[in-house]
file final12.cif (mmCIF, C-alpha atoms)
data_data
loop_
_atom_site.label_atom_id
_atom_site.label_comp_id
_atom_site.auth_asym_id
_atom_site.auth_seq_id
_atom_site.Cartn_x
_atom_site.Cartn_y
_atom_site.Cartn_z
CA MET A 8 -12.23 101.30 -12.29
CA PRO A 9 -10.38 98.02 -12.95
CA ASP A 10 -11.11 95.07 -10.72
CA PRO A 11 -7.89 94.19 -8.81
CA LYS A 12 -9.45 90.87 -7.78
CA LYS A 13 -8.97 89.56 -11.33
CA ARG A 14 -5.34 88.65 -10.94
CA THR A 15 -2.78 86.46 -12.67
CA THR A 16 0.92 85.90 -12.25
CA LEU A 17 2.62 88.53 -14.37
CA THR A 18 5.46 87.34 -16.58
CA ALA A 19 7.72 89.19 -18.99
CA ARG A 20 6.31 87.16 -21.88
CA GLY A 21 2.73 87.82 -20.84
CA ILE A 22 3.38 91.54 -20.50
CA ALA A 23 4.91 91.65 -23.97
CA ARG A 24 1.73 90.09 -25.41
CA LEU A 25 -0.61 92.71 -23.92
CA LYS A 26 -2.24 94.81 -26.62
CA ALA A 27 -3.40 98.42 -26.46
CA PRO A 28 -7.09 98.90 -25.55
CA ALA A 29 -9.60 101.01 -27.49
CA THR A 30 -9.07 104.75 -27.86
CA GLY A 31 -9.60 106.62 -24.61
CA GLN A 32 -9.31 103.49 -22.44
CA ARG A 33 -6.60 101.96 -20.25
CA LEU A 34 -5.97 98.30 -19.53
CA HIS A 35 -4.74 97.04 -16.14
CA LYS A 36 -3.39 93.51 -15.64
CA PHE A 37 -3.05 92.76 -11.92
CA ASP A 38 -0.43 90.51 -10.37
CA SER A 39 -1.29 87.54 -8.12
CA ILE A 40 2.01 87.79 -6.21
CA VAL A 41 1.93 91.40 -4.93
CA PRO A 42 -1.57 92.73 -4.11
CA GLY A 43 -2.43 95.91 -6.01
CA PHE A 44 0.56 95.60 -8.35
CA ALA A 45 -0.31 95.79 -12.05
CA VAL A 46 0.78 96.63 -15.57
CA ARG A 47 -1.05 99.58 -17.13
CA VAL A 48 -1.42 99.73 -20.92
CA THR A 49 -2.65 102.97 -22.50
CA ASP A 50 -4.50 103.32 -25.77
CA LYS A 51 -1.15 104.36 -27.32
CA GLY A 52 0.41 101.05 -26.28
CA THR A 53 2.56 102.54 -23.49
CA LYS A 54 3.11 100.02 -20.68
CA SER A 55 3.93 101.02 -17.12
CA PHE A 56 4.12 99.29 -13.75
CA VAL A 57 1.70 100.70 -11.15
CA VAL A 58 0.52 99.79 -7.67
CA ILE A 59 -2.63 100.73 -5.72
CA THR A 60 -1.83 101.87 -2.18
CA ARG A 61 -3.95 103.32 0.60
CA LEU A 62 -2.59 106.34 2.46
CA HIS A 63 -4.53 107.76 5.42
CA GLY A 64 -7.63 105.89 4.28
CA LYS A 65 -7.52 107.17 0.71
CA GLN A 66 -6.66 105.12 -2.35
CA LYS A 67 -3.50 106.28 -4.14
CA TRP A 68 -2.19 105.01 -7.48
CA VAL A 69 1.61 105.03 -7.72
CA THR A 70 3.42 104.81 -11.04
CA LEU A 71 6.64 102.82 -10.58
CA GLY A 72 8.23 103.05 -14.03
CA ARG A 73 8.02 102.08 -17.68
CA VAL A 74 8.07 98.46 -18.81
CA GLY A 75 11.42 97.88 -20.54
CA VAL A 76 13.18 100.49 -18.44
CA LEU A 77 12.17 98.67 -15.26
CA GLU A 78 12.43 94.89 -14.98
CA LEU A 79 9.50 92.91 -13.58
CA ALA A 80 11.37 91.69 -10.50
CA ASP A 81 12.52 95.24 -9.67
CA ALA A 82 8.99 96.56 -10.20
CA ARG A 83 7.59 94.00 -7.74
CA GLU A 84 10.20 95.09 -5.18
CA ALA A 85 9.29 98.74 -5.75
CA ALA A 86 5.59 97.90 -5.33
CA ARG A 87 6.23 96.16 -2.01
CA GLU A 88 8.24 99.15 -0.82
CA ALA A 89 5.45 101.56 -1.84
CA LEU A 90 2.86 99.46 0.02
CA ASN A 91 5.04 99.35 3.14
CA LYS A 92 5.53 103.13 3.03
CA ALA A 93 1.79 103.71 2.72
CA ARG A 94 1.08 101.43 5.69
CA ALA A 95 3.59 103.45 7.72
CA GLY A 96 1.84 106.67 6.73
CA GLU A 97 4.62 107.79 4.39
CA ASP A 98 4.38 109.04 0.82
CA PRO A 99 4.56 105.83 -1.27
CA ARG A 100 5.88 107.52 -4.42
CA PRO A 101 9.44 106.54 -5.46
CA ARG A 102 12.06 109.02 -4.36
CA PRO A 103 15.66 109.39 -5.53
CA THR A 104 18.39 108.41 -3.12
CA THR A 105 20.02 111.21 -1.14
CA GLY A 106 23.25 111.15 -3.13
CA THR A 107 23.24 111.18 -6.92
CA ASP A 108 26.91 110.27 -7.44
CA MET A 109 27.60 106.70 -8.49
CA GLY A 110 29.54 105.85 -5.33
CA SER A 111 26.57 106.75 -3.08
CA ILE A 112 24.02 105.09 -5.33
CA VAL A 113 25.96 101.82 -5.62
CA GLU A 114 26.37 101.74 -1.84
CA THR A 115 22.62 102.23 -1.33
CA PHE A 116 21.81 99.68 -4.05
CA MET A 117 23.99 97.07 -2.36
CA GLU A 118 22.47 97.67 1.08
CA ARG A 119 18.82 98.04 0.09
CA HIS A 120 18.61 95.50 -2.73
CA ALA A 121 21.57 93.24 -3.50
CA LYS A 122 22.37 92.13 0.05
CA ARG A 123 18.69 91.54 0.81
CA GLU A 124 17.65 89.80 -2.38
CA THR A 125 20.64 87.77 -3.57
CA ARG A 126 23.16 85.51 -1.88
CA THR A 127 25.66 86.22 -4.65
CA TRP A 128 26.01 89.88 -3.64
CA PRO A 129 29.76 89.57 -2.82
CA GLU A 130 30.44 88.94 -6.53
CA THR A 131 28.27 91.94 -7.46
CA GLN A 132 30.19 94.08 -4.97
CA ARG A 133 33.49 92.84 -6.42
CA ILE A 134 32.40 93.79 -9.94
CA PHE A 135 31.49 97.32 -8.87
CA ASP A 136 34.70 97.74 -6.87
CA LEU A 137 37.02 96.48 -9.60
CA TYR A 138 35.38 97.52 -12.85
CA VAL A 139 32.76 100.23 -12.32
CA LEU A 140 33.55 102.54 -9.40
CA PRO A 141 37.19 103.29 -10.36
CA LYS A 142 35.77 104.92 -13.51
CA TRP A 143 32.45 106.35 -12.33
CA ARG A 144 32.57 106.74 -8.54
CA ASP A 145 32.29 110.57 -8.41
CA ARG A 146 30.11 111.05 -11.47
CA PRO A 147 26.41 111.97 -11.16
CA ILE A 148 24.32 109.04 -12.33
CA ALA A 149 22.44 111.27 -14.78
CA SER A 150 25.71 112.11 -16.57
CA ILE A 151 26.36 108.48 -17.56
CA GLY A 152 25.12 107.74 -21.05
CA ARG A 153 25.19 104.87 -23.49
CA LEU A 154 28.61 105.85 -24.81
CA ASP A 155 30.06 105.67 -21.28
CA VAL A 156 28.61 102.19 -20.79
CA ALA A 157 29.86 101.04 -24.20
CA GLU A 158 33.38 102.37 -23.57
CA LEU A 159 33.56 100.69 -20.16
CA LEU A 160 32.42 97.36 -21.62
CA ASP A 161 34.89 97.70 -24.50
CA ALA A 162 37.78 98.18 -22.06
CA ILE A 163 36.68 95.17 -19.99
CA GLU A 164 36.11 92.97 -23.04
CA ASP A 165 39.56 93.80 -24.43
CA GLY A 166 41.22 93.15 -21.06
CA LYS A 167 42.53 96.72 -20.93
CA LEU A 168 41.06 97.79 -17.61
CA ARG A 169 44.02 98.18 -15.25
CA GLY A 170 43.38 97.13 -11.66
CA ALA A 171 44.93 98.42 -8.44
CA ASP A 172 47.56 95.66 -8.67
CA GLY A 173 48.76 96.98 -12.02
CA LYS A 174 47.39 94.02 -13.96
CA ASN A 175 44.97 94.28 -16.84
CA ARG A 176 41.62 92.74 -16.09
CA GLY A 177 38.59 91.63 -18.03
CA GLY A 178 37.47 89.54 -20.96
CA PRO A 179 34.15 88.96 -22.74
CA VAL A 180 32.61 87.00 -19.87
CA MET A 181 33.42 89.69 -17.31
CA ALA A 182 32.15 92.39 -19.67
CA ASN A 183 28.76 90.70 -19.75
CA ARG A 184 28.74 90.15 -15.97
CA THR A 185 29.50 93.83 -15.48
CA LEU A 186 26.72 94.73 -17.89
CA ALA A 187 24.27 92.59 -15.88
CA ALA A 188 25.32 94.28 -12.62
CA VAL A 189 25.03 97.86 -13.89
CA ARG A 190 21.75 97.10 -15.68
CA LYS A 191 20.25 95.84 -12.44
CA MET A 192 21.54 98.88 -10.55
CA PHE A 193 20.28 101.38 -13.14
CA ASN A 194 16.85 99.72 -13.25
CA TRP A 195 16.67 99.74 -9.45
CA TYR A 196 17.49 103.45 -9.38
CA ALA A 197 14.84 104.13 -12.03
CA THR A 198 12.20 102.99 -9.50
CA ARG A 199 13.31 105.85 -7.22
CA ASP A 200 13.65 108.72 -9.67
CA ASN A 201 10.80 109.63 -12.01
CA ALA A 202 13.12 111.40 -14.45
CA PHE A 203 15.90 108.81 -14.70
CA VAL A 204 16.15 106.54 -17.74
CA SER A 205 18.67 103.71 -17.77
CA PRO A 206 21.45 104.13 -20.38
CA VAL A 207 21.58 100.35 -20.87
CA VAL A 208 19.75 99.19 -23.98
CA ARG A 209 19.46 95.95 -25.92
CA GLY A 210 22.44 94.97 -28.02
CA MET A 211 25.12 95.97 -25.51
CA ALA A 212 26.07 92.40 -24.63
CA ARG A 213 29.47 91.33 -25.90
CA GLY A 214 30.09 88.47 -28.31
CA LYS A 215 30.18 84.97 -26.97
CA PRO A 216 33.64 83.98 -25.68
CA VAL A 217 35.51 81.03 -27.11
CA LYS A 218 34.16 77.84 -25.61
CA ARG A 219 36.65 76.26 -23.21
CA ASP A 220 37.47 72.56 -23.33
CA ARG A 221 40.25 72.39 -20.72
CA VAL A 222 40.29 69.20 -18.66
CA LEU A 223 42.97 68.54 -16.05
CA SER A 224 45.15 65.52 -16.78
CA ASP A 225 45.72 62.76 -14.22
CA ALA A 226 49.17 64.17 -13.46
CA GLU A 227 47.70 67.63 -12.91
CA ILE A 228 45.00 66.21 -10.61
CA ARG A 229 47.70 64.43 -8.59
CA ALA A 230 49.69 67.65 -8.36
CA LEU A 231 46.59 69.55 -7.28
CA TRP A 232 45.69 67.00 -4.61
CA ALA A 233 49.26 66.93 -3.30
CA VAL A 234 49.34 70.65 -2.46
CA VAL A 235 45.75 71.86 -2.13
CA ASP A 236 45.48 71.18 1.61
CA GLU A 237 48.03 73.96 2.16
CA PHE A 238 45.43 76.54 1.10
CA GLY A 239 42.91 76.32 3.92
CA THR A 240 39.34 77.30 3.04
CA PHE A 241 40.25 77.95 -0.58
CA GLY A 242 41.78 74.48 -0.85
CA ALA A 243 38.69 72.89 0.66
CA ILE A 244 36.52 74.67 -1.90
CA VAL A 245 38.76 73.44 -4.72
CA LYS A 246 38.42 69.85 -3.52
CA THR A 247 34.66 70.22 -3.20
CA LEU A 248 34.40 71.64 -6.71
CA LEU A 249 35.97 68.52 -8.18
CA LEU A 250 34.12 66.05 -5.95
CA THR A 251 30.67 67.58 -6.52
CA ALA A 252 31.00 68.92 -10.11
CA GLN A 253 29.15 72.08 -9.08
CA ARG A 254 29.87 75.72 -9.92
CA ARG A 255 32.15 77.95 -7.90
CA GLY A 256 29.41 80.33 -6.78
CA GLU A 257 27.16 77.51 -5.60
CA VAL A 258 29.90 75.85 -3.55
CA ALA A 259 31.05 79.16 -2.07
CA LEU A 260 27.51 79.81 -0.79
CA MET A 261 26.93 76.31 0.57
CA ALA A 262 25.16 76.48 3.94
CA TRP A 263 24.92 73.86 6.69
CA PRO A 264 21.07 73.78 6.68
CA GLU A 265 21.16 72.87 2.98
CA ILE A 266 22.76 69.49 3.80
CA ASP A 267 20.37 66.89 5.24
CA VAL A 268 21.16 63.90 7.43
CA ASP A 269 21.45 61.66 4.38
CA GLY A 270 24.19 63.82 2.90
CA VAL A 271 22.07 65.43 0.19
CA TRP A 272 22.89 69.05 -0.52
CA THR A 273 19.84 70.99 -1.77
CA ILE A 274 20.47 74.21 -3.71
CA ASP A 275 17.37 76.40 -3.85
CA ALA A 276 16.01 77.45 -7.23
CA GLU A 277 16.44 81.14 -6.34
CA ARG A 278 20.20 80.87 -6.43
CA TYR A 279 20.67 78.09 -8.98
CA LYS A 280 21.52 78.99 -12.55
CA THR A 281 18.66 77.03 -14.12
CA SER A 282 16.13 78.47 -11.61
CA ARG A 283 15.30 74.91 -10.53
CA THR A 284 15.98 73.32 -7.16
CA HIS A 285 19.02 71.07 -7.48
CA HIS A 286 19.72 68.07 -5.23
CA VAL A 287 23.37 66.99 -5.02
CA PRO A 288 24.21 63.77 -3.13
CA LEU A 289 27.56 64.23 -1.43
CA SER A 290 30.08 61.40 -1.63
CA ASP A 291 31.84 60.22 1.50
CA ALA A 292 35.00 61.96 0.29
CA ALA A 293 33.14 65.25 -0.15
CA ARG A 294 31.58 64.92 3.31
CA VAL A 295 35.03 64.53 4.85
CA VAL A 296 36.12 67.84 3.30
CA ILE A 297 32.92 69.64 4.26
CA ASP A 298 32.69 68.26 7.80
CA ALA A 299 36.23 69.47 8.48
CA GLN A 300 35.14 73.11 8.07
CA PRO A 301 34.61 75.11 11.29
CA GLU A 302 31.08 76.13 12.25
CA TYR A 303 30.34 79.67 13.42
CA GLN A 304 27.59 80.76 15.80
CA HIS A 305 26.01 83.51 13.73
CA VAL A 306 26.46 82.28 10.16
CA ASP A 307 25.35 79.11 8.34
CA LEU A 308 28.00 79.28 5.62
CA VAL A 309 30.23 76.24 5.24
CA PHE A 310 33.09 78.08 3.52
CA THR A 311 33.93 81.38 5.23
CA THR A 312 37.20 82.83 6.47
CA ASN A 313 35.77 85.48 8.78
CA GLY A 314 32.59 83.89 10.14
CA ARG A 315 30.45 86.59 8.51
CA THR A 316 30.58 86.47 4.70
CA PRO A 317 31.15 83.83 1.98
CA PHE A 318 34.67 83.17 0.76
CA SER A 319 35.51 85.72 -1.93
CA GLY A 320 39.31 85.97 -2.26
CA TRP A 321 39.54 83.94 -5.45
CA SER A 322 42.29 85.75 -7.34
CA LYS A 323 44.91 85.86 -4.57
CA PRO A 324 45.60 82.15 -3.85
CA LYS A 325 45.15 80.82 -7.39
CA PRO A 326 48.58 81.91 -8.78
CA THR A 327 50.28 80.43 -5.73
CA LEU A 328 48.34 77.20 -6.16
CA ASP A 329 49.48 77.05 -9.80
CA ALA A 330 53.12 77.54 -8.76
CA ARG A 331 52.90 74.78 -6.15
CA MET A 332 51.23 72.45 -8.66
CA LEU A 333 54.05 73.07 -11.13
CA GLU A 334 56.59 72.19 -8.44
CA ALA A 335 54.72 68.94 -7.78
CA LEU A 336 54.69 68.15 -11.50
CA HIS A 337 58.45 68.69 -11.65
CA LYS A 338 58.94 66.23 -8.79
CA GLU A 339 56.77 63.61 -10.49
CA ASP A 340 58.79 63.94 -13.69
CA ALA A 341 62.14 64.05 -11.88
CA GLY A 342 63.90 62.08 -14.59
CA GLY A 343 62.92 64.42 -17.39
CA ASP A 344 63.72 67.99 -18.39
CA PRO A 345 62.02 70.40 -15.91
CA ALA A 346 61.84 73.07 -18.62
CA LYS A 347 59.52 70.84 -20.63
CA VAL A 348 57.11 70.32 -17.72
CA GLN A 349 54.39 72.94 -18.04
CA LEU A 350 51.02 73.68 -16.48
CA PRO A 351 48.70 75.19 -19.11
CA ARG A 352 46.31 77.86 -17.84
CA TRP A 353 43.30 76.41 -16.06
CA THR A 354 40.35 77.89 -14.18
CA LEU A 355 38.28 76.62 -11.28
CA HIS A 356 35.36 76.10 -13.66
CA ASP A 357 37.54 73.59 -15.56
CA LEU A 358 37.20 71.30 -12.52
CA ARG A 359 33.51 70.91 -13.38
CA ARG A 360 34.40 69.73 -16.88
CA THR A 361 37.10 67.50 -15.42
CA ALA A 362 34.59 65.93 -13.03
CA LYS A 363 32.22 65.25 -15.93
CA THR A 364 35.07 63.55 -17.83
CA LEU A 365 36.04 61.42 -14.81
CA MET A 366 32.44 60.27 -14.36
CA GLN A 367 32.35 59.20 -18.01
CA ARG A 368 35.59 57.29 -17.49
CA ALA A 369 34.12 55.61 -14.38
CA GLY A 370 31.18 54.27 -16.39
CA VAL A 371 28.51 56.78 -15.38
CA ARG A 372 25.79 57.17 -18.00
CA PRO A 373 26.01 60.56 -19.78
CA ASP A 374 22.44 61.51 -18.85
CA ILE A 375 23.15 60.81 -15.17
CA SER A 376 26.37 62.87 -15.14
CA GLU A 377 24.41 65.69 -16.79
CA ARG A 378 21.90 65.53 -13.94
CA VAL A 379 24.72 65.62 -11.39
CA LEU A 380 25.97 68.81 -13.05
CA GLY A 381 22.45 70.21 -12.86
CA HIS A 382 22.07 70.70 -16.60
CA VAL A 383 18.56 70.90 -18.03
CA ILE A 384 17.86 67.72 -19.98
CA PRO A 385 16.68 68.73 -23.47
CA GLY A 386 13.80 67.43 -25.52
CA VAL A 387 10.83 65.30 -24.53
CA GLU A 388 12.77 63.51 -21.79
CA GLY A 389 13.50 66.79 -20.03
CA VAL A 390 9.82 67.78 -20.18
CA TYR A 391 8.13 64.54 -19.13
CA ASP A 392 10.71 62.67 -17.04
CA ARG A 393 10.20 63.87 -13.45
CA HIS A 394 12.10 61.07 -11.69
CA GLY A 395 14.57 62.56 -9.19
CA TYR A 396 17.43 60.13 -10.01
CA LEU A 397 18.80 60.62 -6.48
CA ASP A 398 20.15 57.07 -6.15
CA GLU A 399 21.70 57.21 -9.61
CA LYS A 400 23.35 60.56 -8.85
CA ARG A 401 24.66 59.23 -5.53
CA ASP A 402 26.24 56.29 -7.35
CA ALA A 403 27.75 58.73 -9.87
CA VAL A 404 29.43 60.96 -7.28
CA GLU A 405 30.80 57.92 -5.44
CA ARG A 406 32.27 56.66 -8.72
CA LEU A 407 33.72 60.13 -9.28
CA ALA A 408 35.32 60.09 -5.83
CA ALA A 409 36.70 56.59 -6.47
CA GLU A 410 38.24 57.78 -9.74
CA VAL A 411 39.85 60.77 -8.00
CA ARG A 412 41.18 58.41 -5.32
CA ARG A 413 42.57 56.06 -7.98
CA ILE A 414 44.41 58.97 -9.61
CA THR A 415 45.73 60.56 -6.42
CA GLU A 416 46.54 57.31 -4.62
CA PRO A 417 47.93 55.08 -7.40
CA THR A 418 48.56 51.44 -6.56
CA PRO A 419 52.14 50.07 -6.70
CA ASP A 420 53.21 48.41 -9.94
CA ASN A 421 53.20 44.95 -8.36
CA VAL A 422 49.54 45.18 -7.30
CA VAL A 423 46.81 44.12 -9.71
CA ARG A 424 43.80 46.44 -9.49
CA LEU A 425 40.42 44.69 -9.61
CA ARG A 426 37.42 46.32 -11.26
CA SER A 427 35.62 48.59 -8.79
CA GLU A 428 32.10 47.64 -7.74
CA VAL A 429 31.31 51.24 -6.68
#
call {"tool": "encode", "arguments": {"input": "final12.cif", "output": "structure tokens"}}
result
Amino acid sequence: MPDPKKRTTLTARGIARLKAPATGQRLHKFDSIVPGFAVRVTDKGTKSFVVITRLHGKQKWVTLGRVGVLELADAREAAREALNKARAGEDPRPRPTTGTDMGSIVETFMERHAKRETRTWPETQRIFDLYVLPKWRDRPIASIGRLDVAELLDAIEDGKLRGADGKNRGGPVMANRTLAAVRKMFNWYATRDNAFVSPVVRGMARGKPVKRDRVLSDAEIRALWAVVDEFGTFGAIVKTLLLTAQRRGEVALMAWPEIDVDGVWTIDAERYKTSRTHHVPLSDAARVVIDAQPEYQHVDLVFTTNGRTPFSGWSKPKPTLDARMLEALHKEDAGGDPAKVQLPRWTLHDLRRTAKTLMQRAGVRPDISERVLGHVIPGVEGVYDRHGYLDEKRDAVERLAAEVRRITEPTPDNVVRLRSEV
């Protein structure tokens, strides 16, 4: 009988290093996070996630799923659920959901896992609604194989998946995001059905997309600033994206308790891309935008249109914003040929790159602007330098705001601009 008191924090790398024990024996490596949760390694090298429960006073081992088919995070969740069932006197073994069609399973997955475990669930829901369910909604999950997954990803990668609005959707980035969503869902379902094996395997990820280098020009920033207030919550998010240099998903999920009295916005590691807590000092200009948002009684979200869920209607206002920006550009270049005034395609993520460029122009050190963006600093400096750089980042975002103000509120020709001390 293995000793569950000898525990360590299980990691994917550590599990991969576990070797098969001697013939006729089994190895158990117990987790320090979830009591009774362990990885079992047989003498054949087979690795499975298991958990020790106690039902009606008797010890019961529950096999949760194979390592590789089931991800570590999903296995921990399944172990917690098995322990809770046993405490309630229920059979702790994983059971399949009541419906086996994809529509029912996705609905249960969203309610029981995604909405409980991640704050980015609206994007996951959008991916299923737009890219997955139109193709697979009525199909039994067991009927979906690797070829089905590959064909769906091919259509998304090539931009040939036609949406309800008649437009083709997709691209390499969205293909990989869809792959991540369906992988998570399949692995979650595998914890509830002993016979199910996920059709997602290694090598399904699409090739890396072409790296973007789009930066908005000063004229385009002026055009954006001139019309963005017409777009309500969406416009406020756009302004905040440029003034904070953060990602769209992070800004959309900003919550009032994350902002302290000193104007520092703290993004928890669990929802930040680098899995590290990120502290973002907010400039006075950013605080003006944020403080203007209405507060709701039952939700902490800063940017919400219904008082219940994060803002999610990204695709609808963007074309209108582009059209209004183009009109503003035409007005600025009134003496020229309107046909020659164009607005090249840009995305909201390009505002992050634009903010980085404006900070460089304003004299912010490259390593400080990288820290504002939340990038991991490479090399020895990133490993050993644990200074928070909060004051330096605050100075950087104020310089960024001053540069945006200089662009959007240009001084008359007869006024000499002195060097900013900000």
call {"tool": "resolve_selection", "arguments": {"input": "final12.cif", "expression": "the PyMOL selection byres ((chain A and resi 275) around 12)", "output": "VMD selection string"}}
result
chain A and resid 125 to 126 257 260 to 262 264 to 266 272 to 274 276 to 287
call {"tool": "write_last_selection", "arguments": {"input": "final12.cif", "atoms": "C-alpha atoms", "output": "short mmCIF file (atom, residue, chain, number, x, y, z; two decimals), in the frame of the given file"}}
result
data_model
loop_
_atom_site.label_atom_id
_atom_site.label_comp_id
_atom_site.auth_asym_id
_atom_site.auth_seq_id
_atom_site.Cartn_x
_atom_site.Cartn_y
_atom_site.Cartn_z
CA THR A 125 20.64 87.77 -3.57
CA ARG A 126 23.16 85.51 -1.88
CA GLU A 257 27.16 77.51 -5.60
CA LEU A 260 27.51 79.81 -0.79
CA MET A 261 26.93 76.31 0.57
CA ALA A 262 25.16 76.48 3.94
CA PRO A 264 21.07 73.78 6.68
CA GLU A 265 21.16 72.87 2.98
CA ILE A 266 22.76 69.49 3.80
CA TRP A 272 22.89 69.05 -0.52
CA THR A 273 19.84 70.99 -1.77
CA ILE A 274 20.47 74.21 -3.71
CA ALA A 276 16.01 77.45 -7.23
CA GLU A 277 16.44 81.14 -6.34
CA ARG A 278 20.20 80.87 -6.43
CA TYR A 279 20.67 78.09 -8.98
CA LYS A 280 21.52 78.99 -12.55
CA THR A 281 18.66 77.03 -14.12
CA SER A 282 16.13 78.47 -11.61
CA ARG A 283 15.30 74.91 -10.53
CA THR A 284 15.98 73.32 -7.16
CA HIS A 285 19.02 71.07 -7.48
CA HIS A 286 19.72 68.07 -5.23
CA VAL A 287 23.37 66.99 -5.02
#
call {"tool": "axis_aligned_box", "arguments": {"input": "final12.cif", "around": "region 287-293 of chain A", "padding_each_side": "4 Å", "output": "AutoDock Vina command-line options"}}
result
--center_x 29.2 --center_y 63.6 --center_z -1.8 --size_x 19.6 --size_y 14.8 --size_z 14.5
call {"tool": "closest_residue", "arguments": {"input": "final12.cif", "among": "A:Asn313, A:Thr30, A:Thr53, A:Thr415", "to": "Arg229 (chain A)", "atoms": "all atoms listed in the file"}}
result
A:Thr415
call {"tool": "atom_distance", "arguments": {"input": "final12.cif", "atom1": "CA of Trp263 (chain A)", "atom2": "CA of Val306 (chain A)"}}
result
9.2 Å
call {"tool": "resolve_selection", "arguments": {"input": "final12.cif", "expression": "the PyMOL selection byres ((chain A and resi 353-365) around 10)", "output": "JSON, numbers by chain"}}
result
{"A": [219, 220, 221, 222, 223, 224, 225, 228, 244, 245, 246, 247, 248, 249, 250, 251, 252, 253, 254, 255, 321, 325, 329, 350, 351, 352, 366, 367, 368, 369, 370, 371, 373, 376, 377, 379, 380, 403, 404, 406, 407, 408, 409, 410, 411]}
call {"tool": "closest_residue", "arguments": {"input": "final12.cif", "among": "A:Gly64, A:Ser322, A:Glu416, A:Arg119", "to": "Ala230 (chain A)", "atoms": "all atoms listed in the file"}}
result
A:Glu416
call {"tool": "atom_distance", "arguments": {"input": "final12.cif", "atom1": "CA of Pro28 (chain A)", "atom2": "CA of Asp50 (chain A)"}}
result
5.1 Å
call {"tool": "closest_atom_pairs", "arguments": {"input": "final12.cif", "of": "region 181-244 of chain A", "to": "region 78-91 of chain A", "cutoff": "12 Å", "atoms": "all atoms listed in the file", "output": "tab-separated table"}}
result
residue	atom	partner	partner_atom	distance
A:Arg190	CA	A:Glu78	CA	9.6
A:Lys191	CA	A:Asp81	CA	8.2
A:Met192	CA	A:Asp81	CA	9.8
A:Phe193	CA	A:Glu78	CA	10.4
A:Asn194	CA	A:Glu78	CA	6.8
A:Trp195	CA	A:Asp81	CA	6.1
A:Tyr196	CA	A:Asp81	CA	9.6
A:Ala197	CA	A:Asp81	CA	9.5
A:Thr198	CA	A:Ala85	CA	6.4
A:Arg199	CA	A:Ala85	CA	8.3
A:Asp200	CA	A:Ala85	CA	11.6
A:Ser205	CA	A:Glu78	CA	11.2
call {"tool": "resolve_selection", "arguments": {"input": "final12.cif", "expression": "the PyMOL selection byres ((chain A and resi 331-333) around 8)", "output": "list of chain:residue names"}}
result
A:Glu227, A:Ala230, A:Leu231, A:Ala233, A:Val234, A:Thr327, A:Leu328, A:Asp329, A:Ala330, A:Glu334, A:Ala335, A:Leu336, A:His337, A:Val348, A:Gln349, A:Leu350
call {"tool": "atom_distance", "arguments": {"input": "final12.cif", "atom1": "CA of Gly166 (chain A)", "atom2": "CA of Val139 (chain A)"}}
result
14.1 Å
call {"tool": "closest_residue", "arguments": {"input": "final12.cif", "among": "A:Val46, A:Leu25, A:Asn201, A:Gly239", "to": "Arg100 (chain A)", "atoms": "all atoms listed in the file"}}
result
A:Asn201
call {"tool": "residues_near_point", "arguments": {"input": "final12.cif", "point": "(-7.8, 102.8, -7.7)", "cutoff": "12 Å", "atoms": "all atoms listed in the file", "output": "PDB file with C-alpha atoms, in the coordinates of the input"}}
result
ATOM      1  CA  MET A   8     -12.230 101.300 -12.290  1.00  0.00           C
ATOM      2  CA  PRO A   9     -10.380  98.020 -12.950  1.00  0.00           C
ATOM      3  CA  ASP A  10     -11.110  95.070 -10.720  1.00  0.00           C
ATOM      4  CA  PRO A  11      -7.890  94.190  -8.810  1.00  0.00           C
ATOM      5  CA  HIS A  35      -4.740  97.040 -16.140  1.00  0.00           C
ATOM      6  CA  PHE A  37      -3.050  92.760 -11.920  1.00  0.00           C
ATOM      7  CA  GLY A  43      -2.430  95.910  -6.010  1.00  0.00           C
ATOM      8  CA  PHE A  44       0.560  95.600  -8.350  1.00  0.00           C
ATOM      9  CA  ALA A  45      -0.310  95.790 -12.050  1.00  0.00           C
ATOM     10  CA  VAL A  57       1.700 100.700 -11.150  1.00  0.00           C
ATOM     11  CA  VAL A  58       0.520  99.790  -7.670  1.00  0.00           C
ATOM     12  CA  ILE A  59      -2.630 100.730  -5.720  1.00  0.00           C
ATOM     13  CA  THR A  60      -1.830 101.870  -2.180  1.00  0.00           C
ATOM     14  CA  ARG A  61      -3.950 103.320   0.600  1.00  0.00           C
ATOM     15  CA  LEU A  62      -2.590 106.340   2.460  1.00  0.00           C
ATOM     16  CA  LYS A  65      -7.520 107.170   0.710  1.00  0.00           C
ATOM     17  CA  GLN A  66      -6.660 105.120  -2.350  1.00  0.00           C
ATOM     18  CA  LYS A  67      -3.500 106.280  -4.140  1.00  0.00           C
ATOM     19  CA  TRP A  68      -2.190 105.010  -7.480  1.00  0.00           C
ATOM     20  CA  VAL A  69       1.610 105.030  -7.720  1.00  0.00           C
ATOM     21  CA  THR A  70       3.420 104.810 -11.040  1.00  0.00           C
TER      22      THR A  70
END
call {"tool": "closest_residue", "arguments": {"input": "final12.cif", "among": "A:Asp165, A:Glu158, A:Glu237, A:Glu302", "to": "Arg315 (chain A)", "atoms": "all atoms listed in the file"}}
result
A:Glu302
call {"tool": "residues_near_point", "arguments": {"input": "final12.cif", "point": "(33.9, 98.8, -23.1)", "cutoff": "12 Å", "atoms": "only C-alpha atoms", "output": "MDAnalysis selection string"}}
result
chainID A and resid 138:139 142 153:168 177:179 181:183 185:186 211:213
call {"tool": "decode", "arguments": {"input": "final12.cif", "residues": "region 401-406 of chain A", "atoms": "C-alpha atoms", "output": "compact mmCIF listing (two decimals), in the first residue's frame"}}
result
# COMPACT_ATOMS: atom_id res chain seq x y z
CA ARG A 401 4.00 54.54 -13.67
CA ASP A 402 6.32 57.07 -15.28
CA ALA A 403 6.14 55.09 -18.55
CA VAL A 404 2.33 55.06 -18.75
CA GLU A 405 2.18 58.77 -17.93
CA ARG A 406 4.65 59.44 -20.76
